[in-house]
$ cat data.pdb   # PDB, C-alpha atoms, pLDDT in the B column
ATOM      1  CA  LEU A   1     -47.518  60.423 -27.025  1.00 67.00           C
ATOM      2  CA  TYR A   2     -45.138  57.546 -26.173  1.00 81.00           C
ATOM      3  CA  TRP A   3     -43.048  57.403 -29.339  1.00 83.00           C
ATOM      4  CA  CYS A   4     -43.097  60.993 -30.673  1.00 84.00           C
ATOM      5  CA  SER A   5     -39.373  61.674 -30.154  1.00 90.00           C
ATOM      6  CA  LEU A   6     -36.223  59.931 -29.048  1.00 91.00           C
ATOM      7  CA  GLY A   7     -36.585  61.396 -25.565  1.00 90.00           C
ATOM      8  CA  ASP A   8     -40.203  60.266 -25.298  1.00 89.00           C
ATOM      9  CA  SER A   9     -39.238  56.805 -26.520  1.00 89.00           C
ATOM     10  CA  LEU A  10     -36.434  56.447 -23.964  1.00 90.00           C
ATOM     11  CA  ALA A  11     -38.718  57.674 -21.198  1.00 90.00           C
ATOM     12  CA  THR A  12     -41.377  55.197 -22.314  1.00 89.00           C
ATOM     13  CA  LEU A  13     -38.896  52.319 -22.311  1.00 90.00           C
ATOM     14  CA  PHE A  14     -37.700  53.238 -18.810  1.00 89.00           C
ATOM     15  CA  GLN A  15     -41.219  53.743 -17.465  1.00 89.00           C
ATOM     16  CA  SER A  16     -42.302  50.423 -18.965  1.00 87.00           C
ATOM     17  CA  ILE A  17     -39.824  48.520 -16.824  1.00 84.00           C
ATOM     18  CA  ALA A  18     -39.875  50.783 -13.769  1.00 84.00           C
ATOM     19  CA  GLY A  19     -43.630  50.687 -13.223  1.00 81.00           C
ATOM     20  CA  GLY A  20     -44.266  54.255 -14.363  1.00 84.00           C
ATOM     21  CA  VAL A  21     -46.551  53.054 -17.129  1.00 87.00           C
ATOM     22  CA  SER A  22     -48.020  49.684 -17.967  1.00 85.00           C
ATOM     23  CA  TRP A  23     -46.113  48.316 -20.952  1.00 80.00           C
ATOM     24  CA  ARG A  24     -49.418  47.481 -22.628  1.00 83.00           C
ATOM     25  CA  GLU A  25     -50.272  51.149 -23.065  1.00 86.00           C
ATOM     26  CA  PRO A  26     -47.221  52.052 -25.210  1.00 89.00           C
ATOM     27  CA  LEU A  27     -47.579  48.733 -27.026  1.00 86.00           C
ATOM     28  CA  GLN A  28     -50.974  49.687 -28.488  1.00 84.00           C
ATOM     29  CA  PRO A  29     -49.679  52.449 -30.826  1.00 85.00           C
ATOM     30  CA  LEU A  30     -46.929  50.090 -31.998  1.00 86.00           C
ATOM     31  CA  MET A  31     -49.558  47.472 -32.893  1.00 86.00           C
ATOM     32  CA  ASP A  32     -51.041  49.901 -35.402  1.00 81.00           C
ATOM     33  CA  SER A  33     -47.721  50.015 -37.283  1.00 78.00           C
ATOM     34  CA  THR A  34     -45.673  47.083 -38.493  1.00 80.00           C
ATOM     35  CA  MET A  35     -45.466  43.832 -36.447  1.00 83.00           C
ATOM     36  CA  LEU A  36     -41.702  44.256 -36.063  1.00 90.00           C
ATOM     37  CA  MET A  37     -41.977  47.109 -33.553  1.00 89.00           C
ATOM     38  CA  PRO A  38     -44.255  45.289 -31.086  1.00 90.00           C
ATOM     39  CA  ALA A  39     -41.896  42.291 -31.274  1.00 91.00           C
ATOM     40  CA  VAL A  40     -38.863  44.495 -30.582  1.00 91.00           C
ATOM     41  CA  PHE A  41     -40.674  46.178 -27.681  1.00 91.00           C
ATOM     42  CA  ALA A  42     -41.760  42.822 -26.211  1.00 89.00           C
ATOM     43  CA  GLY A  43     -38.194  41.542 -26.639  1.00 91.00           C
ATOM     44  CA  TYR A  44     -36.880  44.586 -24.785  1.00 90.00           C
ATOM     45  CA  ILE A  45     -39.311  44.045 -21.905  1.00 89.00           C
ATOM     46  CA  SER A  46     -38.416  40.337 -21.727  1.00 88.00           C
ATOM     47  CA  VAL A  47     -34.668  40.882 -21.745  1.00 87.00           C
ATOM     48  CA  VAL A  48     -34.783  43.635 -19.151  1.00 86.00           C
ATOM     49  CA  TYR A  49     -37.157  41.806 -16.834  1.00 83.00           C
ATOM     50  CA  PHE A  50     -35.713  38.325 -17.047  1.00 84.00           C
ATOM     51  CA  ALA A  51     -32.032  38.991 -17.641  1.00 84.00           C
ATOM     52  CA  VAL A  52     -30.977  42.320 -16.244  1.00 83.00           C
ATOM     53  CA  LEU A  53     -33.254  42.355 -13.211  1.00 82.00           C
ATOM     54  CA  ASN A  54     -32.282  38.759 -12.366  1.00 88.00           C
ATOM     55  CA  VAL A  55     -28.620  39.762 -12.443  1.00 89.00           C
ATOM     56  CA  VAL A  56     -29.316  42.688 -10.133  1.00 88.00           C
ATOM     57  CA  THR A  57     -31.235  40.386  -7.785  1.00 91.00           C
ATOM     58  CA  ALA A  58     -28.414  37.813  -7.845  1.00 93.00           C
ATOM     59  CA  VAL A  59     -25.826  40.479  -7.006  1.00 93.00           C
ATOM     60  CA  PHE A  60     -27.981  41.728  -4.142  1.00 91.00           C
ATOM     61  CA  CYS A  61     -28.462  38.197  -2.760  1.00 92.00           C
ATOM     62  CA  SER A  62     -24.748  37.451  -3.117  1.00 92.00           C
ATOM     63  CA  ARG A  63     -23.825  40.584  -1.205  1.00 89.00           C
ATOM     64  CA  ALA A  64     -26.365  39.788   1.500  1.00 86.00           C
ATOM     65  CA  MET A  65     -24.965  36.250   1.883  1.00 86.00           C
ATOM     66  CA  GLU A  66     -21.399  37.588   1.959  1.00 85.00           C
ATOM     67  CA  THR A  67     -22.315  40.108   4.640  1.00 82.00           C
ATOM     68  CA  THR A  68     -24.047  37.406   6.658  1.00 78.00           C
ATOM     69  CA  SER A  69     -21.055  35.081   6.403  1.00 78.00           C
ATOM     70  CA  ARG A  70     -18.811  37.787   7.867  1.00 80.00           C
ATOM     71  CA  ASN A  71     -20.999  38.261  10.926  1.00 80.00           C
ATOM     72  CA  PRO A  72     -19.220  36.319  13.707  1.00 81.00           C
ATOM     73  CA  GLU A  73     -22.374  35.847  15.768  1.00 83.00           C
ATOM     74  CA  LEU A  74     -24.282  34.317  12.861  1.00 79.00           C
ATOM     75  CA  VAL A  75     -21.340  32.122  11.857  1.00 79.00           C
ATOM     76  CA  THR A  76     -20.931  30.903  15.445  1.00 85.00           C
ATOM     77  CA  SER A  77     -24.633  30.198  15.745  1.00 85.00           C
ATOM     78  CA  ALA A  78     -24.633  28.257  12.469  1.00 83.00           C
ATOM     79  CA  ILE A  79     -21.628  26.188  13.560  1.00 86.00           C
ATOM     80  CA  ILE A  80     -23.315  25.299  16.849  1.00 91.00           C
ATOM     81  CA  VAL A  81     -26.557  24.335  15.108  1.00 90.00           C
ATOM     82  CA  ASN A  82     -24.688  22.226  12.532  1.00 89.00           C
ATOM     83  CA  ARG A  83     -22.642  20.538  15.269  1.00 90.00           C
ATOM     84  CA  ASN A  84     -25.750  19.711  17.294  1.00 90.00           C
ATOM     85  CA  GLU A  85     -27.520  18.300  14.221  1.00 90.00           C
ATOM     86  CA  TYR A  86     -24.441  16.221  13.403  1.00 87.00           C
ATOM     87  CA  LEU A  87     -24.286  14.842  16.946  1.00 88.00           C
ATOM     88  CA  LYS A  88     -28.012  13.978  16.852  1.00 90.00           C
ATOM     89  CA  SER A  89     -27.530  12.125  13.587  1.00 87.00           C
ATOM     90  CA  LEU A  90     -24.471  10.316  14.936  1.00 84.00           C
ATOM     91  CA  ALA A  91     -26.403   9.306  18.070  1.00 86.00           C
ATOM     92  CA  ALA A  92     -29.227   8.015  15.863  1.00 86.00           C
ATOM     93  CA  PHE A  93     -26.668   5.940  13.940  1.00 83.00           C
ATOM     94  CA  PHE A  94     -25.442   4.298  17.142  1.00 83.00           C
ATOM     95  CA  ARG A  95     -29.010   3.749  18.374  1.00 85.00           C
ATOM     96  CA  LYS A  96     -29.752   1.863  15.156  1.00 85.00           C
ATOM     97  CA  ILE A  97     -26.768  -0.383  15.843  1.00 84.00           C
ATOM     98  CA  ASP A  98     -27.850  -0.978  19.476  1.00 83.00           C
ATOM     99  CA  LYS A  99     -30.912  -3.087  18.638  1.00 79.00           C
ATOM    100  CA  ALA A 100     -31.067  -4.566  22.159  1.00 79.00           C
ATOM    101  CA  ASN A 101     -31.226  -1.060  23.708  1.00 81.00           C
ATOM    102  CA  LYS A 102     -28.352  -1.860  26.077  1.00 80.00           C
ATOM    103  CA  GLY A 103     -26.877   1.604  25.800  1.00 79.00           C
ATOM    104  CA  ALA A 104     -23.683   0.049  24.455  1.00 79.00           C
ATOM    105  CA  ILE A 105     -22.642  -1.701  21.270  1.00 80.00           C
ATOM    106  CA  SER A 106     -20.219  -4.543  20.908  1.00 79.00           C
ATOM    107  CA  LEU A 107     -17.520  -4.956  18.327  1.00 79.00           C
ATOM    108  CA  ALA A 108     -19.658  -7.656  16.684  1.00 81.00           C
ATOM    109  CA  ASP A 109     -22.645  -5.255  16.537  1.00 82.00           C
ATOM    110  CA  PHE A 110     -20.428  -2.630  14.949  1.00 81.00           C
ATOM    111  CA  GLU A 111     -18.997  -5.045  12.373  1.00 83.00           C
ATOM    112  CA  ARG A 112     -22.520  -6.175  11.480  1.00 84.00           C
ATOM    113  CA  ALA A 113     -23.600  -2.555  11.087  1.00 84.00           C
ATOM    114  CA  LEU A 114     -20.810  -1.828   8.632  1.00 82.00           C
ATOM    115  CA  LYS A 115     -22.141  -4.635   6.411  1.00 85.00           C
ATOM    116  CA  ASP A 116     -25.681  -3.200   6.425  1.00 86.00           C
ATOM    117  CA  PRO A 117     -26.226  -1.024   3.309  1.00 87.00           C
ATOM    118  CA  GLN A 118     -28.764   1.194   5.075  1.00 87.00           C
ATOM    119  CA  LEU A 119     -26.428   1.931   7.988  1.00 84.00           C
ATOM    120  CA  CYS A 120     -23.560   2.528   5.574  1.00 84.00           C
ATOM    121  CA  ALA A 121     -25.755   5.031   3.756  1.00 87.00           C
ATOM    122  CA  HIS A 122     -26.441   6.705   7.112  1.00 84.00           C
ATOM    123  CA  LEU A 123     -22.668   6.909   7.604  1.00 84.00           C
ATOM    124  CA  HIS A 124     -22.282   8.579   4.223  1.00 85.00           C
ATOM    125  CA  THR A 125     -24.852  11.227   5.199  1.00 85.00           C
ATOM    126  CA  LEU A 126     -22.494  11.971   8.094  1.00 84.00           C
ATOM    127  CA  GLU A 127     -19.665  12.294   5.547  1.00 84.00           C
ATOM    128  CA  MET A 128     -17.931   9.265   7.018  1.00 84.00           C
ATOM    129  CA  ASP A 129     -16.695   6.050   5.472  1.00 82.00           C
ATOM    130  CA  SER A 130     -16.009   2.743   7.208  1.00 79.00           C
ATOM    131  CA  ALA A 131     -12.417   3.725   8.067  1.00 82.00           C
ATOM    132  CA  ASP A 132     -13.688   6.870   9.796  1.00 83.00           C
ATOM    133  CA  ALA A 133     -16.289   4.799  11.639  1.00 81.00           C
ATOM    134  CA  TRP A 134     -13.607   2.368  12.837  1.00 81.00           C
ATOM    135  CA  ALA A 135     -11.460   5.256  14.050  1.00 83.00           C
ATOM    136  CA  LEU A 136     -14.461   6.685  15.900  1.00 82.00           C
ATOM    137  CA  PHE A 137     -15.229   3.296  17.459  1.00 79.00           C
ATOM    138  CA  ARG A 138     -11.626   3.012  18.690  1.00 79.00           C
ATOM    139  CA  LEU A 139     -11.818   6.518  20.176  1.00 82.00           C
ATOM    140  CA  ILE A 140     -15.053   5.755  21.988  1.00 79.00           C
ATOM    141  CA  ASP A 141     -13.837   2.338  23.199  1.00 73.00           C
ATOM    142  CA  THR A 142     -11.376   3.812  25.687  1.00 68.00           C
ATOM    143  CA  ASP A 143     -11.015   0.634  27.773  1.00 69.00           C
ATOM    144  CA  ARG A 144     -10.474  -1.496  24.637  1.00 70.00           C
ATOM    145  CA  SER A 145     -13.185  -3.906  25.787  1.00 66.00           C
ATOM    146  CA  GLY A 146     -15.017  -3.905  22.462  1.00 57.00           C
ATOM    147  CA  LEU A 147     -18.145  -2.553  24.149  1.00 54.00           C
TER     148      LEU A 147
END
$ encode --input "data.pdb" --output "structure tokens"
Amino acid sequence: LYWCSLGDSLATLFQSIAGGVSWREPLQPLMDSTMLMPAVFAGYISVVYFAVLNVVTAVFCSRAMETTSRNPELVTSAIIVNRNEYLKSLAAFFRKIDKANKGAISLADFERALKDPQLCAHLHTLEMDSADAWALFRLIDTDRSGL
């Protein structure tokens, strides 16, 4: 029934991976013959399911991501969300430095913060190093008061 001719065999192989027939049904007649044929059939099912179908899925996902990245509205929205998250994290960094809750940090507070490994790690999550932090401090300190 499943393996009578080349055409039947090809149809069986296709149906086994496409859901037209459960692969267990055509496997049963192969079990009655040599053990090589069931192993070849199981190998075919494994390769098609886990290799070929994964490649097709990956191509589909890649195309979907590429299409999404070209959509100006989605790109703009993502940039705004990322910017807002970055600003929240940066504000949290400065709040950690301002332990007295004055709403301002001094140059001494800032220097102390750059020696704290935990705050330096926070800086690295913001993709900043100490030189970037100093440049930011100088930009924020417009009156050059150190506060």
$ residues_around --input "data.pdb" --residues "region 101-114 of chain A" --least-positions-apart "6" --cutoff "12 Å" --atoms "only C-alpha atoms" --output "tab-separated table (two decimals) with C-alpha atoms, in the coordinates of the input"
chain	number	residue	atom	x	y	z
A	91	ALA	CA	-26.40	9.31	18.07
A	93	PHE	CA	-26.67	5.94	13.94
A	94	PHE	CA	-25.44	4.30	17.14
A	95	ARG	CA	-29.01	3.75	18.37
A	120	CYS	CA	-23.56	2.53	5.57
A	121	ALA	CA	-25.76	5.03	3.76
A	122	HIS	CA	-26.44	6.70	7.11
A	123	LEU	CA	-22.67	6.91	7.60
A	124	HIS	CA	-22.28	8.58	4.22
A	128	MET	CA	-17.93	9.26	7.02
A	129	ASP	CA	-16.70	6.05	5.47
A	130	SER	CA	-16.01	2.74	7.21
A	131	ALA	CA	-12.42	3.72	8.07
A	132	ASP	CA	-13.69	6.87	9.80
A	133	ALA	CA	-16.29	4.80	11.64
A	134	TRP	CA	-13.61	2.37	12.84
A	135	ALA	CA	-11.46	5.26	14.05
A	136	LEU	CA	-14.46	6.68	15.90
A	137	PHE	CA	-15.23	3.30	17.46
A	138	ARG	CA	-11.63	3.01	18.69
A	140	ILE	CA	-15.05	5.76	21.99
A	141	ASP	CA	-13.84	2.34	23.20
A	144	ARG	CA	-10.47	-1.50	24.64
A	145	SER	CA	-13.18	-3.91	25.79
A	146	GLY	CA	-15.02	-3.90	22.46
A	147	LEU	CA	-18.14	-2.55	24.15
$ residues_around --input "data.pdb" --residues "Met37 (chain A)" --least-positions-apart "5" --cutoff "12 Å" --atoms "only C-alpha atoms" --output "PDB file with C-alpha atoms, in the coordinates of the input"
ATOM      1  CA  TRP A   3     -43.048  57.403 -29.339  1.00 83.00           C
ATOM      2  CA  PRO A  26     -47.221  52.052 -25.210  1.00 89.00           C
ATOM      3  CA  LEU A  27     -47.579  48.733 -27.026  1.00 86.00           C
ATOM      4  CA  GLN A  28     -50.974  49.687 -28.488  1.00 84.00           C
ATOM      5  CA  PRO A  29     -49.679  52.449 -30.826  1.00 85.00           C
ATOM      6  CA  LEU A  30     -46.929  50.090 -31.998  1.00 86.00           C
ATOM      7  CA  MET A  31     -49.558  47.472 -32.893  1.00 86.00           C
ATOM      8  CA  ASP A  32     -51.041  49.901 -35.402  1.00 81.00           C
ATOM      9  CA  ALA A  42     -41.760  42.822 -26.211  1.00 89.00           C
ATOM     10  CA  GLY A  43     -38.194  41.542 -26.639  1.00 91.00           C
ATOM     11  CA  TYR A  44     -36.880  44.586 -24.785  1.00 90.00           C
TER      12      TYR A  44
END
$ resolve_selection --input "data.pdb" --expression "the PyMOL selection byres ((chain A and resi 12) around 8)" --output "list in words"
Tyr2, Trp3, Asp8, Ser9, Leu10, Ala11, Leu13, Phe14, Gln15, Ser16, Val21 and Pro26 of chain A
$ resolve_selection --input "data.pdb" --expression "the PyMOL selection byres ((chain A and resi 48-64) around 12)" --output "PyMOL selection string"
chain A and resi 13-14+16-19+23+41-47+65-71
$ atom_distance --input "data.pdb" --atom1 "CA of Leu119 (chain A)" --atom2 "CA of Ser89 (chain A)"
11.7 Å
$ atom_distance --input "data.pdb" --atom1 "CA of Val40 (chain A)" --atom2 "CA of Gly7 (chain A)"
17.8 Å
$ atom_distance --input "data.pdb" --atom1 "CA of Lys99 (chain A)" --atom2 "CA of Glu85 (chain A)"
22.1 Å
$ closest_residue --input "data.pdb" --among "A:Lys115, A:Met35, A:Glu25, A:Leu126" --to "Arg83 (chain A)" --atoms "all atoms listed in the file"
A:Leu126
$ axis_aligned_box --input "data.pdb" --around "region 2-8 of chain A" --padding-each-side "3 Å" --output "AutoDock Vina command-line options"
--center_x -40.7 --center_y 59.5 --center_z -28.0 --size_x 14.9 --size_y 10.3 --size_z 11.4
$ decode --input "data.pdb" --residues "region 67-78 of chain A" --atoms "N, CA, C and O atoms" --output "PDB file, in the first residue's frame"
ATOM      1  N   THR A  67      11.458  42.721   7.311  1.00  0.00           N
ATOM      2  CA  THR A  67      10.306  43.542   6.958  1.00  0.00           C
ATOM      3  C   THR A  67       9.968  44.500   8.090  1.00  0.00           C
ATOM      4  O   THR A  67       9.677  45.678   7.859  1.00  0.00           O
ATOM      5  N   THR A  68      10.024  44.007   9.311  1.00  0.00           N
ATOM      6  CA  THR A  68       9.734  44.842  10.473  1.00  0.00           C
ATOM      7  C   THR A  68      10.752  45.968  10.599  1.00  0.00           C
ATOM      8  O   THR A  68      10.396  47.102  10.910  1.00  0.00           O
ATOM      9  N   SER A  69      12.015  45.664  10.348  1.00  0.00           N
ATOM     10  CA  SER A  69      13.056  46.682  10.500  1.00  0.00           C
ATOM     11  C   SER A  69      12.945  47.778   9.448  1.00  0.00           C
ATOM     12  O   SER A  69      13.481  48.863   9.633  1.00  0.00           O
ATOM     13  N   ARG A  70      12.255  47.514   8.366  1.00  0.00           N
ATOM     14  CA  ARG A  70      12.076  48.525   7.315  1.00  0.00           C
ATOM     15  C   ARG A  70      10.847  49.398   7.551  1.00  0.00           C
ATOM     16  O   ARG A  70      10.663  50.382   6.848  1.00  0.00           O
ATOM     17  N   ASN A  71      10.027  49.043   8.511  1.00  0.00           N
ATOM     18  CA  ASN A  71       8.821  49.796   8.785  1.00  0.00           C
ATOM     19  C   ASN A  71       9.195  51.027   9.618  1.00  0.00           C
ATOM     20  O   ASN A  71       9.564  50.904  10.781  1.00  0.00           O
ATOM     21  N   PRO A  72       9.096  52.226   9.054  1.00  0.00           N
ATOM     22  CA  PRO A  72       9.551  53.424   9.776  1.00  0.00           C
ATOM     23  C   PRO A  72       8.817  53.657  11.089  1.00  0.00           C
ATOM     24  O   PRO A  72       9.421  54.112  12.060  1.00  0.00           O
ATOM     25  N   GLU A  73       7.542  53.343  11.144  1.00  0.00           N
ATOM     26  CA  GLU A  73       6.789  53.555  12.378  1.00  0.00           C
ATOM     27  C   GLU A  73       7.296  52.652  13.492  1.00  0.00           C
ATOM     28  O   GLU A  73       7.455  53.091  14.642  1.00  0.00           O
ATOM     29  N   LEU A  74       7.556  51.388  13.163  1.00  0.00           N
ATOM     30  CA  LEU A  74       8.066  50.461  14.176  1.00  0.00           C
ATOM     31  C   LEU A  74       9.475  50.835  14.612  1.00  0.00           C
ATOM     32  O   LEU A  74       9.803  50.755  15.795  1.00  0.00           O
ATOM     33  N   VAL A  75      10.309  51.238  13.661  1.00  0.00           N
ATOM     34  CA  VAL A  75      11.682  51.632  13.993  1.00  0.00           C
ATOM     35  C   VAL A  75      11.660  52.865  14.898  1.00  0.00           C
ATOM     36  O   VAL A  75      12.358  52.923  15.909  1.00  0.00           O
ATOM     37  N   THR A  76      10.828  53.845  14.558  1.00  0.00           N
ATOM     38  CA  THR A  76      10.720  55.054  15.367  1.00  0.00           C
ATOM     39  C   THR A  76      10.236  54.732  16.773  1.00  0.00           C
ATOM     40  O   THR A  76      10.781  55.225  17.760  1.00  0.00           O
ATOM     41  N   SER A  77       9.235  53.889  16.851  1.00  0.00           N
ATOM     42  CA  SER A  77       8.700  53.491  18.154  1.00  0.00           C
ATOM     43  C   SER A  77       9.766  52.784  18.988  1.00  0.00           C
ATOM     44  O   SER A  77       9.909  53.052  20.186  1.00  0.00           O
ATOM     45  N   ALA A  78      10.527  51.902  18.368  1.00  0.00           N
ATOM     46  CA  ALA A  78      11.582  51.183  19.087  1.00  0.00           C
ATOM     47  C   ALA A  78      12.671  52.135  19.569  1.00  0.00           C
ATOM     48  O   ALA A  78      13.177  51.996  20.682  1.00  0.00           O
TER      49      ALA A  78
END
